Amino acid sequence: MALVQPRQSARERPAAFDLGHPAPWIVAIVALLLPLVSNSFFLSEIFGQTLILGVIALSLMFLAGCGGMVSLMQLTVAGFAGYMYAIFGVTGTHSVSLGWHWWLATPIALILATLFGTVGGALAVRTEGIYTIMITLAIGAAFYYFTNQNYAIFNGHTGINTISTPAFWGIDWRASLPFYYLTLVVAALCYFWVDYLIRAPFGLALQGVRDNPRRMAALGFHVNAHRVAAYAFAAFIAAIGGILQVWNYKQISPGSVSVDSAINVLIVAFVGGVGRPIGPFIGAFIFVLLRTFALDFLREIGLDGNRFRLLIGLGFLVIVFWSPDGVIGLWERWRRRGAPASARPAGGAHG
Amino acid sequence: MDSVAQRLSNVGAGAALELSGVTRLFGALAALSDVSMTVRPGERRAVLGSNGAGKTTLFNCITGDFPPTSGTIRFFGEDVTAFPPYERIRRGLRRTYQISSLFPGLSVEDNVYLACRGVSRGRFSFLRPRVGDPLKQSARMLIEAVHLTPVAGRKVAELAYGQQRQLEIALALAGAPRFVLFDEPAAGLSPTERRELIEILTSLPSHIGYIIIEHDMDVALRVVESVTMMHNGRIFKEGNPQEIESDPEVQELYLGGGHG
């Protein structure tokens, strides 16, 4: 048996835990030293946004990649957390906000958003495939219209403004540099947590549920309970992203939870690839770059700058067409070029 | 509903598996009609019958993959008719599938580890198993028992057919099985693999009973002590292997019927 083990761990372990590989170290060093070379625009608008969007898409990666459940409501859960923070916390919109401290409002928002995502998940697990997408999309759309029309709690179309952010130890954590590091640490913790969980019994069982739910039941697993638990965990991760987002923008309005933005999360996760937890962050980086610079680029070549979505859409099409497992999949195939076909990973959707 | 006292007394009542009047309809088609059978703990029985006789449907009703239309199923005295599959499995029932039903994207070790996890606590554990985790060890022992140790780290999708069949058996033996349903475990195996299968079946601890669906009479009759013949969803004949083999009606219907 001892002969088998080492070879297996070398083959099976994803790159993240292969500490001999230079890539994770380079990423970590670049991320830590970035503020030395980057101006505050890049720090918050590019890298901060990448990390926040990456965390929200990471929750979808966990559901879709490990559990085979494509949820369109992850941004809604994040937005719900943001709204809850704004409603319980201190804001300029006195008519709806309760004015509690951030350290009270934050855990409450996380808990309520996790509950919200769990209830949504409990509805969604009754269905499979396209119907899961439809139900979660319906939840997202319903929440969007509700926030638009409800003034008593959500302050309707205007939303909630001038939301206060944490400041302690003499540091304003929303200032450009501290916020970057805060976001980086939180995103890294989420990433490592998901990466760890995938190989823990809960994550393994979820992959079993994805591959063969009937057999999982015949092994003693309560399949739907596992699915709902996955929604709950994913909701918690998405809620963390939502809190970071509301701290970042200091305001939240129905536009933050629109169906458009919900679909963006789907694009981010699948462009990056849902096979590995790093995928959503790569997808988010590409998405944020396109969103920020495609406008100028399109004007440069004489097109309407507002058509940057066209570029994103085309990119999405190309990726999905050429590499169903996203940019990560492209990279893995490039690394494995020359290896026999049987060594390639099996697809996720097994009946 | 039984009282607690009744249920407790039922536990010692003797039968591992007790089916009474089990019927399963698919639309107008009766895949099973009025099947009653009693299997003792530790008993090894073969279910024979041509294609469409209802053998796999019988297994699906016993495990709860789909419930019977009518009738009751008792497992060690407890009425499990309305139980979901996972509740039956946690009580010691196991099964294998006719067409291998595995997790192709996971390694052999993870497949067996999941099976061990499914019948123990910590199914939702967020913590990875540590070195020397008892479930990891029992997974390794199971893998060794079905001769898959050399491929323990490989993905199931990369295994040969015979190895997948063996893994199928390992999954069904995880934890503390009390009764196992084997659905054509020898299908598609080479003669050597068949010998290994017979060895695995005959070396199971004597308290573990099983029902085996098997077309290969050489395999079936060597590993069982009783036989149930099924035909068109009904029990057609019951007896020991010698009686069944020499029964003229059975020969006409099944053995002489040119089945592979």
# chains A, B, ... in the order shown; residues from 1 in each chain; ligands from 1
>>> interface_residues(of="chain B", to="chain A", cutoff="10 Å", atoms="only C-alpha atoms", output="PyMOL selection string")
chain B and resi 63-65+84-97+100-107+110-120+122-129+140+144+149-158+171-172+174-175
>>> residues_around(residues="Leu266 in chain A", least_positions_apart="5", cutoff="8 Å", atoms="only C-alpha atoms", output="PDB file with N, CA and C atoms, in the first residue's frame")
ATOM      1  N   ALA A  57     -18.534  34.554  -6.926  1.00  0.00           N
ATOM      2  CA  ALA A  57     -18.538  33.498  -7.945  1.00  0.00           C
ATOM      3  C   ALA A  57     -18.006  32.184  -7.370  1.00  0.00           C
ATOM      4  N   LEU A  60     -20.694  30.049  -6.304  1.00  0.00           N
ATOM      5  CA  LEU A  60     -21.331  29.343  -7.420  1.00  0.00           C
ATOM      6  C   LEU A  60     -20.451  28.189  -7.887  1.00  0.00           C
ATOM      7  N   LEU A  72     -28.561  30.645  -9.918  1.00  0.00           N
ATOM      8  CA  LEU A  72     -28.459  32.022 -10.407  1.00  0.00           C
ATOM      9  C   LEU A  72     -28.737  33.025  -9.300  1.00  0.00           C
TER      10      LEU A  72
END
>>> residues_around(residues="Ile267 in chain A", least_positions_apart="6", cutoff="9 Å", atoms="only C-alpha atoms", output="ChimeraX atom specification")
/A:57,283-284,287,312-313,316
>>> write_last_selection(atoms="N, CA and C atoms", output="PDB file, in the first residue's frame")
ATOM      1  N   ALA A  57     -18.534  34.554  -6.926  1.00  0.00           N
ATOM      2  CA  ALA A  57     -18.538  33.498  -7.945  1.00  0.00           C
ATOM      3  C   ALA A  57     -18.006  32.184  -7.370  1.00  0.00           C
ATOM      4  N   GLY A 283     -11.798  34.145 -13.609  1.00  0.00           N
ATOM      5  CA  GLY A 283     -12.938  34.663 -14.361  1.00  0.00           C
ATOM      6  C   GLY A 283     -13.252  36.098 -13.971  1.00  0.00           C
ATOM      7  N   ALA A 284     -13.202  36.370 -12.668  1.00  0.00           N
ATOM      8  CA  ALA A 284     -13.509  37.718 -12.188  1.00  0.00           C
ATOM      9  C   ALA A 284     -12.482  38.712 -12.711  1.00  0.00           C
ATOM     10  N   PHE A 287     -13.222  39.394 -16.307  1.00  0.00           N
ATOM     11  CA  PHE A 287     -14.462  40.158 -16.410  1.00  0.00           C
ATOM     12  C   PHE A 287     -14.240  41.625 -16.034  1.00  0.00           C
ATOM     13  N   ILE A 312     -17.768  40.756 -23.842  1.00  0.00           N
ATOM     14  CA  ILE A 312     -17.877  39.755 -22.788  1.00  0.00           C
ATOM     15  C   ILE A 312     -18.686  38.558 -23.281  1.00  0.00           C
ATOM     16  N   GLY A 313     -19.789  38.859 -23.957  1.00  0.00           N
ATOM     17  CA  GLY A 313     -20.641  37.790 -24.474  1.00  0.00           C
ATOM     18  C   GLY A 313     -19.902  36.927 -25.470  1.00  0.00           C
ATOM     19  N   PHE A 316     -17.468  34.819 -23.671  1.00  0.00           N
ATOM     20  CA  PHE A 316     -18.167  33.738 -22.994  1.00  0.00           C
ATOM     21  C   PHE A 316     -18.477  32.611 -23.969  1.00  0.00           C
TER      22      PHE A 316
END
>>> select_by_dssp(residues="range 134-324 of chain A", states="alpha helix (DSSP H)", output="compact mmCIF listing (two decimals) with N, CA and C atoms, in the first residue's frame")
# COMPACT_ATOMS: atom_id res chain seq x y z
N MET A 134 -34.00 27.93 -13.37
CA MET A 134 -35.22 28.75 -13.45
C MET A 134 -35.67 29.20 -12.07
N ILE A 135 -35.67 28.29 -11.10
CA ILE A 135 -36.16 28.63 -9.76
C ILE A 135 -35.25 29.68 -9.12
N THR A 136 -33.92 29.47 -9.22
CA THR A 136 -33.02 30.42 -8.58
C THR A 136 -33.08 31.76 -9.31
N LEU A 137 -33.27 31.74 -10.63
CA LEU A 137 -33.44 32.99 -11.38
C LEU A 137 -34.71 33.70 -10.92
N ALA A 138 -35.78 32.92 -10.70
CA ALA A 138 -37.05 33.50 -10.25
C ALA A 138 -36.86 34.16 -8.88
N ILE A 139 -36.11 33.49 -8.00
CA ILE A 139 -35.87 34.08 -6.67
C ILE A 139 -35.10 35.39 -6.82
N GLY A 140 -34.08 35.37 -7.69
CA GLY A 140 -33.29 36.58 -7.92
C GLY A 140 -34.14 37.71 -8.47
N ALA A 141 -34.96 37.39 -9.48
CA ALA A 141 -35.79 38.42 -10.11
C ALA A 141 -36.82 38.95 -9.11
N ALA A 142 -37.41 38.04 -8.32
CA ALA A 142 -38.42 38.45 -7.34
C ALA A 142 -37.80 39.41 -6.32
N PHE A 143 -36.59 39.08 -5.87
CA PHE A 143 -35.94 39.94 -4.87
C PHE A 143 -35.63 41.31 -5.47
N TYR A 144 -35.20 41.32 -6.73
CA TYR A 144 -34.91 42.59 -7.41
C TYR A 144 -36.15 43.48 -7.45
N TYR A 145 -37.26 42.91 -7.90
CA TYR A 145 -38.48 43.73 -8.01
C TYR A 145 -39.01 44.12 -6.64
N PHE A 146 -38.83 43.23 -5.67
CA PHE A 146 -39.29 43.53 -4.32
C PHE A 146 -38.54 44.74 -3.76
N THR A 147 -37.20 44.72 -3.92
CA THR A 147 -36.42 45.85 -3.39
C THR A 147 -36.79 47.14 -4.11
N ASN A 148 -37.14 47.02 -5.38
CA ASN A 148 -37.53 48.18 -6.15
C ASN A 148 -38.81 48.82 -5.64
N GLN A 149 -39.72 47.98 -5.20
CA GLN A 149 -41.06 48.47 -4.86
C GLN A 149 -41.30 48.65 -3.38
N SER A 176 -8.24 53.05 0.98
CA SER A 176 -7.82 52.24 -0.16
C SER A 176 -6.91 51.07 0.24
N LEU A 177 -5.82 51.36 0.95
CA LEU A 177 -4.84 50.32 1.24
C LEU A 177 -5.37 49.28 2.23
N PRO A 178 -5.90 49.69 3.40
CA PRO A 178 -6.43 48.67 4.32
C PRO A 178 -7.53 47.82 3.69
N PHE A 179 -8.38 48.46 2.88
CA PHE A 179 -9.48 47.70 2.30
C PHE A 179 -8.96 46.65 1.33
N TYR A 180 -7.90 47.00 0.60
CA TYR A 180 -7.33 46.01 -0.30
C TYR A 180 -6.85 44.78 0.48
N TYR A 181 -6.12 45.04 1.57
CA TYR A 181 -5.59 43.91 2.34
C TYR A 181 -6.71 43.14 3.04
N LEU A 182 -7.70 43.86 3.53
CA LEU A 182 -8.85 43.19 4.15
C LEU A 182 -9.51 42.25 3.14
N THR A 183 -9.76 42.77 1.94
CA THR A 183 -10.39 41.97 0.91
C THR A 183 -9.52 40.78 0.54
N LEU A 184 -8.22 41.04 0.42
CA LEU A 184 -7.30 39.97 0.04
C LEU A 184 -7.33 38.84 1.07
N VAL A 185 -7.28 39.21 2.35
CA VAL A 185 -7.26 38.18 3.40
C VAL A 185 -8.57 37.40 3.42
N VAL A 186 -9.69 38.12 3.34
CA VAL A 186 -10.99 37.45 3.37
C VAL A 186 -11.14 36.52 2.16
N ALA A 187 -10.76 37.02 0.97
CA ALA A 187 -10.87 36.20 -0.24
C ALA A 187 -9.98 34.97 -0.13
N ALA A 188 -8.76 35.15 0.40
CA ALA A 188 -7.85 34.01 0.54
C ALA A 188 -8.42 32.98 1.51
N LEU A 189 -9.00 33.46 2.62
CA LEU A 189 -9.60 32.53 3.58
C LEU A 189 -10.74 31.74 2.93
N CYS A 190 -11.59 32.44 2.18
CA CYS A 190 -12.70 31.76 1.50
C CYS A 190 -12.16 30.72 0.52
N TYR A 191 -11.14 31.14 -0.23
CA TYR A 191 -10.55 30.24 -1.22
C TYR A 191 -10.02 28.97 -0.56
N PHE A 192 -9.23 29.14 0.50
CA PHE A 192 -8.62 27.97 1.14
C PHE A 192 -9.68 27.11 1.84
N TRP A 193 -10.70 27.78 2.36
CA TRP A 193 -11.77 27.02 3.01
C TRP A 193 -12.47 26.10 2.00
N VAL A 194 -12.83 26.68 0.84
CA VAL A 194 -13.51 25.89 -0.18
C VAL A 194 -12.57 24.78 -0.68
N ASP A 195 -11.31 25.14 -0.91
CA ASP A 195 -10.35 24.16 -1.42
C ASP A 195 -10.19 23.00 -0.44
N TYR A 196 -10.19 23.33 0.87
CA TYR A 196 -10.07 22.30 1.90
C TYR A 196 -11.33 21.43 1.94
N LEU A 197 -12.46 22.11 1.87
CA LEU A 197 -13.74 21.42 2.03
C LEU A 197 -14.01 20.42 0.91
N ILE A 198 -13.49 20.70 -0.28
CA ILE A 198 -13.74 19.83 -1.42
C ILE A 198 -13.23 18.41 -1.13
N PRO A 201 -15.07 15.13 4.00
CA PRO A 201 -16.23 14.27 3.75
C PRO A 201 -17.42 15.00 3.14
N PHE A 202 -17.70 16.21 3.62
CA PHE A 202 -18.86 16.93 3.09
C PHE A 202 -18.69 17.22 1.59
N GLY A 203 -17.50 17.68 1.21
CA GLY A 203 -17.25 18.00 -0.20
C GLY A 203 -17.23 16.75 -1.07
N LEU A 204 -16.61 15.69 -0.56
CA LEU A 204 -16.57 14.43 -1.31
C LEU A 204 -17.99 13.92 -1.54
N ALA A 205 -18.79 13.95 -0.47
CA ALA A 205 -20.16 13.46 -0.58
C ALA A 205 -20.93 14.29 -1.59
N LEU A 206 -20.64 15.59 -1.63
CA LEU A 206 -21.34 16.46 -2.58
C LEU A 206 -20.96 16.07 -4.02
N GLN A 207 -19.69 15.75 -4.24
CA GLN A 207 -19.29 15.30 -5.57
C GLN A 207 -19.96 13.97 -5.90
N GLY A 208 -20.13 13.13 -4.88
CA GLY A 208 -20.87 11.88 -5.08
C GLY A 208 -22.31 12.14 -5.48
N VAL A 209 -22.92 13.12 -4.83
CA VAL A 209 -24.30 13.49 -5.15
C VAL A 209 -24.38 14.02 -6.58
N ARG A 210 -23.36 14.77 -6.97
CA ARG A 210 -23.32 15.30 -8.34
C ARG A 210 -23.22 14.16 -9.37
N ASP A 211 -22.31 13.22 -9.11
CA ASP A 211 -22.05 12.16 -10.08
C ASP A 211 -23.15 11.11 -10.13
N PRO A 213 -26.54 10.52 -7.72
CA PRO A 213 -27.36 10.68 -6.51
C PRO A 213 -28.03 9.39 -6.05
N ARG A 214 -28.42 8.57 -7.02
CA ARG A 214 -29.12 7.34 -6.64
C ARG A 214 -28.21 6.42 -5.84
N ARG A 215 -26.96 6.31 -6.30
CA ARG A 215 -26.04 5.46 -5.57
C ARG A 215 -25.72 6.04 -4.20
N MET A 216 -25.66 7.37 -4.12
CA MET A 216 -25.41 7.99 -2.82
C MET A 216 -26.50 7.61 -1.82
N ALA A 217 -27.75 7.59 -2.27
CA ALA A 217 -28.83 7.18 -1.38
C ALA A 217 -28.64 5.72 -0.98
N VAL A 223 -29.59 12.52 0.21
CA VAL A 223 -29.08 13.32 -0.90
C VAL A 223 -29.54 14.77 -0.83
N ASN A 224 -30.85 14.99 -0.60
CA ASN A 224 -31.34 16.36 -0.61
C ASN A 224 -30.83 17.16 0.58
N ALA A 225 -30.65 16.50 1.72
CA ALA A 225 -30.09 17.22 2.88
C ALA A 225 -28.69 17.71 2.54
N HIS A 226 -27.93 16.89 1.81
CA HIS A 226 -26.60 17.31 1.40
C HIS A 226 -26.65 18.50 0.46
N ARG A 227 -27.62 18.44 -0.44
CA ARG A 227 -27.73 19.56 -1.40
C ARG A 227 -28.09 20.85 -0.68
N VAL A 228 -29.04 20.77 0.25
CA VAL A 228 -29.45 21.98 0.97
C VAL A 228 -28.27 22.51 1.79
N ALA A 229 -27.52 21.60 2.42
CA ALA A 229 -26.35 22.03 3.19
C ALA A 229 -25.35 22.74 2.29
N ALA A 230 -25.21 22.25 1.06
CA ALA A 230 -24.30 22.90 0.11
C ALA A 230 -24.78 24.32 -0.20
N TYR A 231 -26.10 24.47 -0.38
CA TYR A 231 -26.64 25.82 -0.61
C TYR A 231 -26.36 26.72 0.58
N ALA A 232 -26.49 26.16 1.79
CA ALA A 232 -26.26 26.97 2.99
C ALA A 232 -24.81 27.44 3.03
N PHE A 233 -23.88 26.52 2.78
CA PHE A 233 -22.46 26.91 2.80
C PHE A 233 -22.18 27.95 1.72
N ALA A 234 -22.68 27.69 0.51
CA ALA A 234 -22.46 28.62 -0.59
C ALA A 234 -23.06 29.98 -0.28
N ALA A 235 -24.22 29.98 0.39
CA ALA A 235 -24.86 31.25 0.75
C ALA A 235 -23.97 32.03 1.71
N PHE A 236 -23.33 31.31 2.64
CA PHE A 236 -22.46 31.99 3.60
C PHE A 236 -21.29 32.65 2.87
N ILE A 237 -20.68 31.92 1.93
CA ILE A 237 -19.56 32.49 1.17
C ILE A 237 -20.04 33.70 0.36
N ALA A 238 -21.20 33.54 -0.31
CA ALA A 238 -21.73 34.65 -1.10
C ALA A 238 -22.01 35.86 -0.21
N ALA A 239 -22.52 35.60 1.00
CA ALA A 239 -22.85 36.69 1.92
C ALA A 239 -21.58 37.45 2.32
N ILE A 240 -20.49 36.72 2.51
CA ILE A 240 -19.22 37.39 2.83
C ILE A 240 -18.84 38.34 1.69
N GLY A 241 -18.99 37.84 0.45
CA GLY A 241 -18.72 38.69 -0.70
C GLY A 241 -19.64 39.91 -0.73
N GLY A 242 -20.90 39.69 -0.36
CA GLY A 242 -21.87 40.78 -0.37
C GLY A 242 -21.53 41.86 0.65
N ILE A 243 -21.05 41.43 1.82
CA ILE A 243 -20.65 42.39 2.85
C ILE A 243 -19.46 43.22 2.35
N LEU A 244 -18.48 42.55 1.77
CA LEU A 244 -17.33 43.29 1.23
C LEU A 244 -17.78 44.29 0.18
N GLN A 245 -18.74 43.85 -0.66
CA GLN A 245 -19.21 44.72 -1.73
C GLN A 245 -19.90 45.97 -1.18
N VAL A 246 -20.70 45.79 -0.13
CA VAL A 246 -21.42 46.95 0.41
C VAL A 246 -20.45 47.87 1.14
N TRP A 247 -19.42 47.32 1.73
CA TRP A 247 -18.39 48.17 2.33
C TRP A 247 -17.66 48.96 1.24
N ASN A 248 -17.46 48.29 0.12
CA ASN A 248 -16.73 48.90 -0.97
C ASN A 248 -17.50 50.08 -1.57
N TYR A 249 -18.79 49.87 -1.88
CA TYR A 249 -19.56 50.90 -2.55
C TYR A 249 -20.20 51.89 -1.58
N VAL A 259 -31.02 41.34 -12.32
CA VAL A 259 -30.85 40.05 -12.99
C VAL A 259 -29.58 40.06 -13.84
N ASP A 260 -29.30 41.23 -14.45
CA ASP A 260 -28.06 41.37 -15.24
C ASP A 260 -26.84 40.97 -14.42
N SER A 261 -26.77 41.57 -13.22
CA SER A 261 -25.60 41.31 -12.38
C SER A 261 -25.56 39.85 -11.94
N ALA A 262 -26.75 39.27 -11.72
CA ALA A 262 -26.80 37.85 -11.31
C ALA A 262 -26.20 36.98 -12.41
N ILE A 263 -26.53 37.35 -13.67
CA ILE A 263 -26.00 36.55 -14.78
C ILE A 263 -24.50 36.76 -14.93
N ASN A 264 -24.03 37.99 -14.59
CA ASN A 264 -22.59 38.23 -14.63
C ASN A 264 -21.83 37.25 -13.75
N VAL A 265 -22.40 36.92 -12.59
CA VAL A 265 -21.73 35.98 -11.69
C VAL A 265 -21.60 34.61 -12.36
N LEU A 266 -22.66 34.22 -13.05
CA LEU A 266 -22.62 32.95 -13.79
C LEU A 266 -21.50 32.98 -14.82
N ILE A 267 -21.41 34.10 -15.56
CA ILE A 267 -20.39 34.22 -16.60
C ILE A 267 -19.00 34.17 -15.98
N VAL A 268 -18.83 34.91 -14.89
CA VAL A 268 -17.53 34.94 -14.22
C VAL A 268 -17.09 33.53 -13.82
N ALA A 269 -18.01 32.79 -13.18
CA ALA A 269 -17.66 31.47 -12.68
C ALA A 269 -17.33 30.52 -13.82
N PHE A 270 -18.12 30.56 -14.89
CA PHE A 270 -17.92 29.57 -15.94
C PHE A 270 -16.79 29.95 -16.90
N VAL A 271 -16.55 31.25 -17.06
CA VAL A 271 -15.40 31.64 -17.87
C VAL A 271 -14.11 31.22 -17.17
N GLY A 272 -14.07 31.42 -15.87
CA GLY A 272 -12.89 31.00 -15.12
C GLY A 272 -12.79 29.50 -15.04
N GLY A 279 -10.67 29.12 -10.27
CA GLY A 279 -11.37 29.49 -11.50
C GLY A 279 -12.16 30.78 -11.38
N PRO A 280 -13.05 30.91 -10.39
CA PRO A 280 -13.87 32.12 -10.29
C PRO A 280 -13.02 33.39 -10.17
N PHE A 281 -11.87 33.31 -9.52
CA PHE A 281 -11.03 34.51 -9.38
C PHE A 281 -10.41 34.89 -10.72
N ILE A 282 -10.01 33.87 -11.49
CA ILE A 282 -9.49 34.15 -12.84
C ILE A 282 -10.60 34.75 -13.70
N GLY A 283 -11.80 34.14 -13.61
CA GLY A 283 -12.94 34.66 -14.36
C GLY A 283 -13.25 36.10 -13.97
N ALA A 284 -13.20 36.37 -12.67
CA ALA A 284 -13.51 37.72 -12.19
C ALA A 284 -12.48 38.71 -12.71
N PHE A 285 -11.22 38.31 -12.74
CA PHE A 285 -10.16 39.20 -13.23
C PHE A 285 -10.40 39.56 -14.69
N ILE A 286 -10.68 38.55 -15.49
CA ILE A 286 -10.95 38.79 -16.90
C ILE A 286 -12.17 39.69 -17.07
N PHE A 287 -13.22 39.39 -16.31
CA PHE A 287 -14.46 40.16 -16.41
C PHE A 287 -14.24 41.63 -16.03
N VAL A 288 -13.54 41.83 -14.92
CA VAL A 288 -13.32 43.21 -14.46
C VAL A 288 -12.45 43.98 -15.45
N LEU A 289 -11.43 43.33 -15.99
CA LEU A 289 -10.58 43.99 -17.00
C LEU A 289 -11.42 44.41 -18.20
N LEU A 290 -12.25 43.46 -18.68
CA LEU A 290 -13.09 43.77 -19.83
C LEU A 290 -14.05 44.91 -19.52
N ARG A 291 -14.69 44.82 -18.36
CA ARG A 291 -15.69 45.82 -18.00
C ARG A 291 -15.05 47.20 -17.90
N THR A 292 -13.79 47.23 -17.43
CA THR A 292 -13.15 48.52 -17.21
C THR A 292 -12.55 49.09 -18.49
N PHE A 293 -11.95 48.21 -19.29
CA PHE A 293 -11.17 48.73 -20.42
C PHE A 293 -11.79 48.52 -21.79
N ALA A 294 -12.80 47.63 -21.87
CA ALA A 294 -13.39 47.35 -23.18
C ALA A 294 -14.00 48.61 -23.77
N LEU A 295 -14.52 49.48 -22.88
CA LEU A 295 -15.15 50.71 -23.33
C LEU A 295 -14.17 51.55 -24.14
N ASP A 296 -13.00 51.79 -23.54
CA ASP A 296 -11.98 52.59 -24.24
C ASP A 296 -11.51 51.88 -25.50
N PHE A 297 -11.34 50.57 -25.35
CA PHE A 297 -10.84 49.79 -26.48
C PHE A 297 -11.81 49.86 -27.66
N LEU A 298 -13.10 49.73 -27.36
CA LEU A 298 -14.10 49.76 -28.43
C LEU A 298 -14.15 51.13 -29.09
N ARG A 299 -14.04 52.20 -28.28
CA ARG A 299 -14.03 53.55 -28.85
C ARG A 299 -12.83 53.75 -29.75
N GLU A 300 -11.73 53.17 -29.29
CA GLU A 300 -10.48 53.27 -30.04
C GLU A 300 -10.65 52.75 -31.46
N PHE A 308 -19.51 47.07 -24.56
CA PHE A 308 -18.47 46.19 -24.00
C PHE A 308 -19.03 44.83 -23.63
N ARG A 309 -20.36 44.80 -23.37
CA ARG A 309 -20.98 43.51 -23.06
C ARG A 309 -20.89 42.55 -24.24
N LEU A 310 -20.87 43.15 -25.42
CA LEU A 310 -20.74 42.32 -26.62
C LEU A 310 -19.44 41.53 -26.57
N LEU A 311 -18.37 42.22 -26.15
CA LEU A 311 -17.07 41.55 -26.02
C LEU A 311 -17.15 40.44 -24.99
N ILE A 312 -17.77 40.76 -23.84
CA ILE A 312 -17.88 39.75 -22.79
C ILE A 312 -18.69 38.56 -23.28
N GLY A 313 -19.79 38.86 -23.96
CA GLY A 313 -20.64 37.79 -24.47
C GLY A 313 -19.90 36.93 -25.47
N LEU A 314 -19.17 37.58 -26.38
CA LEU A 314 -18.40 36.81 -27.37
C LEU A 314 -17.35 35.96 -26.67
N GLY A 315 -16.68 36.57 -25.69
CA GLY A 315 -15.67 35.82 -24.95
C GLY A 315 -16.28 34.62 -24.25
N PHE A 316 -17.47 34.82 -23.67
CA PHE A 316 -18.17 33.74 -22.99
C PHE A 316 -18.48 32.61 -23.97
N LEU A 317 -18.98 33.00 -25.14
CA LEU A 317 -19.31 32.01 -26.17
C LEU A 317 -18.07 31.21 -26.56
N VAL A 318 -16.98 31.93 -26.81
CA VAL A 318 -15.75 31.26 -27.25
C VAL A 318 -15.29 30.27 -26.19
N ILE A 319 -15.29 30.73 -24.92
CA ILE A 319 -14.81 29.86 -23.83
C ILE A 319 -15.70 28.63 -23.70
N VAL A 320 -17.01 28.85 -23.65
CA VAL A 320 -17.91 27.73 -23.45
C VAL A 320 -17.84 26.76 -24.62
N PHE A 321 -17.61 27.33 -25.82
CA PHE A 321 -17.55 26.48 -27.00
C PHE A 321 -16.27 25.67 -27.03
N TRP A 322 -15.14 26.33 -26.75
CA TRP A 322 -13.85 25.64 -26.88
C TRP A 322 -13.44 24.91 -25.62
>>> closest_residue(among="B:Ser203, B:Gln166, B:Thr192, B:Ser50", to="Met229 in chain B", atoms="only C-alpha atoms")
B:Ser50
>>> atom_distance(atom1="CA of Asn60 in chain B", atom2="CA of Ala160 in chain B")
26.4 Å
>>> select_by_dssp(residues="range 26-211 of chain B", states="strand (DSSP E or B)", output="JSON, numbers by chain")
{"B": [26, 29, 30, 31, 32, 33, 34, 35, 36, 37, 38, 39, 44, 45, 46, 47, 48, 70, 71, 72, 73, 74, 75, 78, 79, 93, 94, 95, 107, 155, 179, 180, 181, 182, 183, 209, 210, 211]}
>>> closest_residue(among="B:Glu184, B:Ile208, B:Val227, B:Pro41", to="Gly239 in chain B", atoms="only C-alpha atoms")
B:Val227
>>> atom_distance(atom1="CA of Thr114 in chain A", atom2="CA of Ala78 in chain A")
9.3 Å
>>> atom_distance(atom1="CA of Cys61 in chain B", atom2="CA of Met217 in chain B")
24.4 Å
>>> residues_around(residues="Leu29 in chain B", least_positions_apart="6", cutoff="12 Å", atoms="only C-alpha atoms", output="list in words")
Thr23, Gly52, Ala53, Gly54, Thr69, Asn232 and Gly233 of chain B
>>> residues_around(residues="Thr162 in chain A", least_positions_apart="6", cutoff="12 Å", atoms="only C-alpha atoms", output="VMD selection string")
chain A and resid 86 to 87 89 to 94 97 246 to 253
